[in-house]
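To start, the structure itself, in structure tokens.
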Amino acid sequence: MRLLVTGGLGFIGSNFVRHILSSRRDVSVVNLDLCTYAGNPANLADVEGDRRYKLVKGDIADPKAAARAMKGADAVVNFAAETHVDRSILDASAFLRTNVIGAQVLLDAALRAKVGRFLHVGTDEVYGSVAEGFSTEGDRLEPNSPYAASKAAADLVARSYFVTHGAPVIVTRASNNFGPYQFPEKALPLMITNWLGGEPFPLYGDGRQVRDWLYVVDHARAIALVLEKAEPGQIYNVGGTYSCDNRELVGRVRALMGVSQELVLPVPDRPGHDRRYALDCAKIKALGYRPAYDFEQALKATIDWYRANERWWRPLKKHAGFKSYYRRQYASRLA
Ligand code: DAU
């Protein structure tokens, strides 16, 4: 199978590419990636020499780049997206362009190329905050951040291409991923790397927001399964094995790293901060999906990975672009 993966240099995309190349000898991958700040060639340095892998630098929102990359593809997995909620609050424009227009351009290209399958990778944030119970795939979409709104819009565009054009579209909606190669702006890698550098972790608001934690390798396995088994037109929630509030998460990571409470700095909350996400995953379980990693072990493995891979994350945090984002995001909060 010839797979076009978009955003394969990002966190989830790169973990998926590594997983699919190592688990399926019959798969080759073309990775269309814009190489933005989060699309890091180092994330796939270990597969660069694999003859079944090819990186193409390009933008999914550029019709020519999308059409070129699509040639010969049997299936598409669209990971390409701007994904950080805090950045979408500072400036939403890149989110609308890549996440919505990009998805539409890619869908058009896939339709023209008569690609057999189009898996669009989405997020549980499209359901908005769920006070109690669990979101099912048919629930109303109530996105609250510009990021979540852009992902909800993309899901709806994908749905419309299935209904109107008969495009073989499948959507997955995952919870909070964690694991190796996650850009150190997201809560967990920021926490771990700040603490490795002796700096505090800024905890938003009262820290009582609940997230469901999904190990990225399990997410990669889930996507591979959906790609193989799902019916076009379907949506699948992909949740993790452990759900907790941010205070508990901070406590667990502190205990694993031997860090004192003084390195947890309460700061003003994120505007529009969703209180709780929770997914009902009965549908993907019926397809045969079972997570393989225990949360505590995966968390420990993630911390160990960041400890062992300072050469990967230190340059990212030293980069002028990251420093300027960090100042914009945290300077007034940390003052
Ligand atoms: O739920 C899936 C989503 O999970 C994905 O679609 C997003 O791309 C991904 O970024 C993530 O969104 P969150 O906003 O939940 O993740 P983040 O790592 O930014 O934050 C996790 C929690 O930690 C959230 O309640 C906000 C809090 N937080 C985050 C940061 C960056 C802090 O308390 N301090 C921080 O500095």
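By order of appearance in the structure tokens: chains A, B, ..., then residues from 1 within every chain, and ligands from 1 in the order shown.
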
(message) Which residues are near ligand 1 in this structure, taking near to mean any atom at most 9 Å from a ligand atom and counting only C-alpha atoms and all ligand atoms? Format them as a VMD selection string.
(response) chain A and resid 81 to 86 122 to 126 147 to 148 151 173 to 178 184 to 191 201 to 213 245 to 247 249 266 to 267 269 to 270 273 to 278 329 to 330

(message) Just want the 12 Å neighbourhood of Thr164 (chain A), counted on only C-alpha atoms, with same-chain residues fewer than 6 positions away dropped. Output as a list of chain:residue names.
(response)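 Once the nearby chain positions are removed, what remains is A:Leu111, A:Leu156, A:Val157, A:Ala158, A:Gly233.
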
(request) Pick out the closest residue to Ile89 (chain A) from this set: A:Gly133, A:Pro41, A:Gly272, A:Gly128. Count only C-alpha atoms. (result) A:Gly272

(message) Env of Val226 (chain A): 12 Å cut, atoms = only C-alpha atoms, seq-sep filter 2 positions within chain, self excluded. Answer as JSON, numbers by chain.
(response) {"A": [77, 117, 118, 119, 120, 121, 169, 170, 171, 172, 173, 219, 220, 221, 222, 223, 224, 228, 229, 230, 231, 232, 233, 234, 235, 236, 237, 238, 283, 284, 285, 286, 287, 288, 289]}

(request) Select, from A:Glu132, A:Phe95, A:Ser150, A:Gly72, the residue with the minimum atom-to-atom distance to Ala113 (chain A), counting only C-alpha atoms. (result) A:Gly72

(message) Could you list, as a PyMOL selection string, every residue within 12 Å of region 43-45 of chain A, counting only C-alpha atoms and ignoring same-chain residues fewer than 3 positions away?
(response) chain A and resi 7-19+21+31+33+35+38-40+48-50+53-55+180-183+309+311-313+316

(request) Using DSSP on the backbone coordinates, identify the residues of region 103-259 of chain A assigned to helix (DSSP H, G or I); present them as a PyMOL selection string. (result) chain A and resi 103-112+124-127+146-165+187-196+216-229+246-257
